[in-house]
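Below is one structure, written out as structure tokens; the observations come after it.
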Amino acid sequence: MPALTSVQLFTVKDALESDLDGTLAEVARRGFTAVEPYDFVRRAAPLAASLTTHGLTAPTGHAFLASESFVNPDGSGTTLPVPTPDEVFDAADVLGMGTVIDPYTEPARWETRAQVEETARLLNAAAEIAAARGLRVGYHNHAHELEAQFDGQSGLELLAELLDPRVVLEVDLYWAARAGVDPAALLERLGDRVVAVHVKDGTLDAEAIKAYPPADQVPAGTGAVPLAAALDAASALEFAIVEFDAYSGDLFEGIEQSRVFLDERAAR
């Protein structure tokens, strides 16, 4: 069965913050039936109502489960009033969400094995709470988890070994490629642990990737990230999620073009 095509709402964050309902209406008009919300605890009820209005579901979502603050790769960040796992899962229930994915832990937490073990402990603890409520916990990578090396093993793969089997992974294919890792080979190694991927493309131009957010991202299937091979290598894929961290073109056109790429592959 083909993976469900979705879109990470962080892609259209500016539009969403100014007009939640209008933005979701446009996402639906662009052919999506599912979305992946971010920062959903504070707006679970209005978000749920708007999703229903526009025929959208939210099977997955991003919420911090192992962090108290967010630090960007460029060192900037904000101390967050992070909700408790129970508050996160309460909001997930309102949205009909089945899988809550931790979107990010800062690079400074990937310097020692003990730090990776602590992240695994926090995710495992959240997974225990989630399981009692019929929910699932996951983790989403950026480049630094793969750039970190421990005795020849990447930090992300070490984390996977330390996680409770109930904790799943959402692999960001762009950030894997940015880390110099073959996304398809990574997915083969991680196996059935990977239930979701962020289908994100980029030119990987050496100058453009120096910007934060990166300036090289393009619609899926038009860049240098080997998305097709990675999708073929995902043995237990449930969700293929379109995302841009940044895009200089029309974002709604970009997500629609990316959806078409996925739909055309699924139809083969």
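Each chain in the structure tokens gets a letter, A, B, ..., in the order shown, and its residues are numbered from 1; ligands are numbered from 1 in order too.
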
Report task. Give me the residues within 12 Å of Gly134 of chain A as a PyMOL selection string, counting only C-alpha atoms and dropping any in the same chain fewer than 5 places off. Result -> chain A and resi 89-90+92-93+96-100+127-129+166

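Excluding segment 24-37 of chain A itself and any same-chain residue fewer than 6 positions from it, the protein and nucleic acid residues within 6 Å of it, counting only C-alpha atoms, are Ser6, Val7, Gln8, Leu9, His54, Leu56, Thr57, Ala58, Thr60, Gly61 and Glu256 of chain A.
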
Query raised in the report: Near Ser154 of chain A, counting only C-alpha atoms, which residues have an atom at most 12 Å away, once you skip same-chain residues fewer than 2 positions from it, shown as a PyMOL selection string?
Result: chain A and resi 110-113+116+141+143-152+156-161+176+179-181+186+189-190

Report summary line: Among A:Tyr139, A:Tyr247, A:Phe252, A:Tyr38, Pro213 of chain A is approached most closely, using only C-alpha atoms, by A:Tyr247

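Picture a line from atom CA of Val88 of chain A to atom CA of Val41 of chain A; it runs 6.0 Å.
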
Query raised in the report: Can you list every residue in segment 91-189 of chain A that DSSP puts in alpha helix (DSSP H), as a ChimeraX atom specification?
Result: /A:91-95,113-132,144-147,155-162,173-178,183-189

Segment 48-50 of chain A: which residues within 6 Å, counting only C-alpha atoms, same-chain residues fewer than 4 positions away excluded, as a short mmCIF file (atom, residue, chain, number, x, y, z; two decimals) with all heavy atoms, in the first residue's frame?
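Printed below is result-v3.cif as written:
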data_model
loop_
_atom_site.label_atom_id
_atom_site.label_comp_id
_atom_site.auth_asym_id
_atom_site.auth_seq_id
_atom_site.Cartn_x
_atom_site.Cartn_y
_atom_site.Cartn_z
N ASP A 21 -7.17 29.13 8.98
CA ASP A 21 -8.21 28.47 8.18
C ASP A 21 -7.98 28.67 6.68
O ASP A 21 -8.11 27.72 5.90
CB ASP A 21 -9.59 29.02 8.57
CG ASP A 21 -10.71 28.16 8.02
OD1 ASP A 21 -10.86 27.00 8.46
OD2 ASP A 21 -11.44 28.64 7.13
N ALA A 44 -4.77 23.35 19.45
CA ALA A 44 -5.31 22.05 19.03
C ALA A 44 -6.77 22.16 18.59
O ALA A 44 -7.16 21.60 17.55
CB ALA A 44 -5.16 21.03 20.15
N LEU A 95 -6.67 16.14 17.94
CA LEU A 95 -6.42 16.21 16.50
C LEU A 95 -6.56 14.86 15.80
O LEU A 95 -6.40 14.79 14.58
CB LEU A 95 -5.02 16.78 16.26
CG LEU A 95 -4.88 18.27 16.59
CD1 LEU A 95 -3.43 18.64 16.82
CD2 LEU A 95 -5.48 19.11 15.47
#

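Residues with any atom within 8 Å of Leu227 of chain A, counting only C-alpha atoms and excluding same-chain neighbours fewer than 2 positions away, are A:Leu173, A:Pro183, A:Val199, A:Lys200, A:Asp201, A:Ala220, A:Gly221, A:Val225, A:Ala229, A:Ala230, A:Leu231.
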
**Report entry** Sel. of strand (DSSP E or B) residues, segment 207-247 of chain A, as a PyMOL selection string
**Finding:** chain A and resi 217-218+239-242

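For the residues A:Gln217, A:Tyr212, A:Ala234, A:Asp263, ranking by smallest atom-to-atom distance to Thr11 of chain A using only C-alpha atoms places A:Gln217 first.
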
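Among the candidates A:Leu162, A:Leu51, A:Ile241, A:Val82, the residue lying nearest to His140 of chain A is A:Ile241 (atoms considered: only C-alpha atoms).
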
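In this comparison, which uses only C-alpha atoms, the residue of A:Ala125, A:Ala196, A:Ala246, A:Ala228 approaching Leu4 of chain A most closely is A:Ala196.
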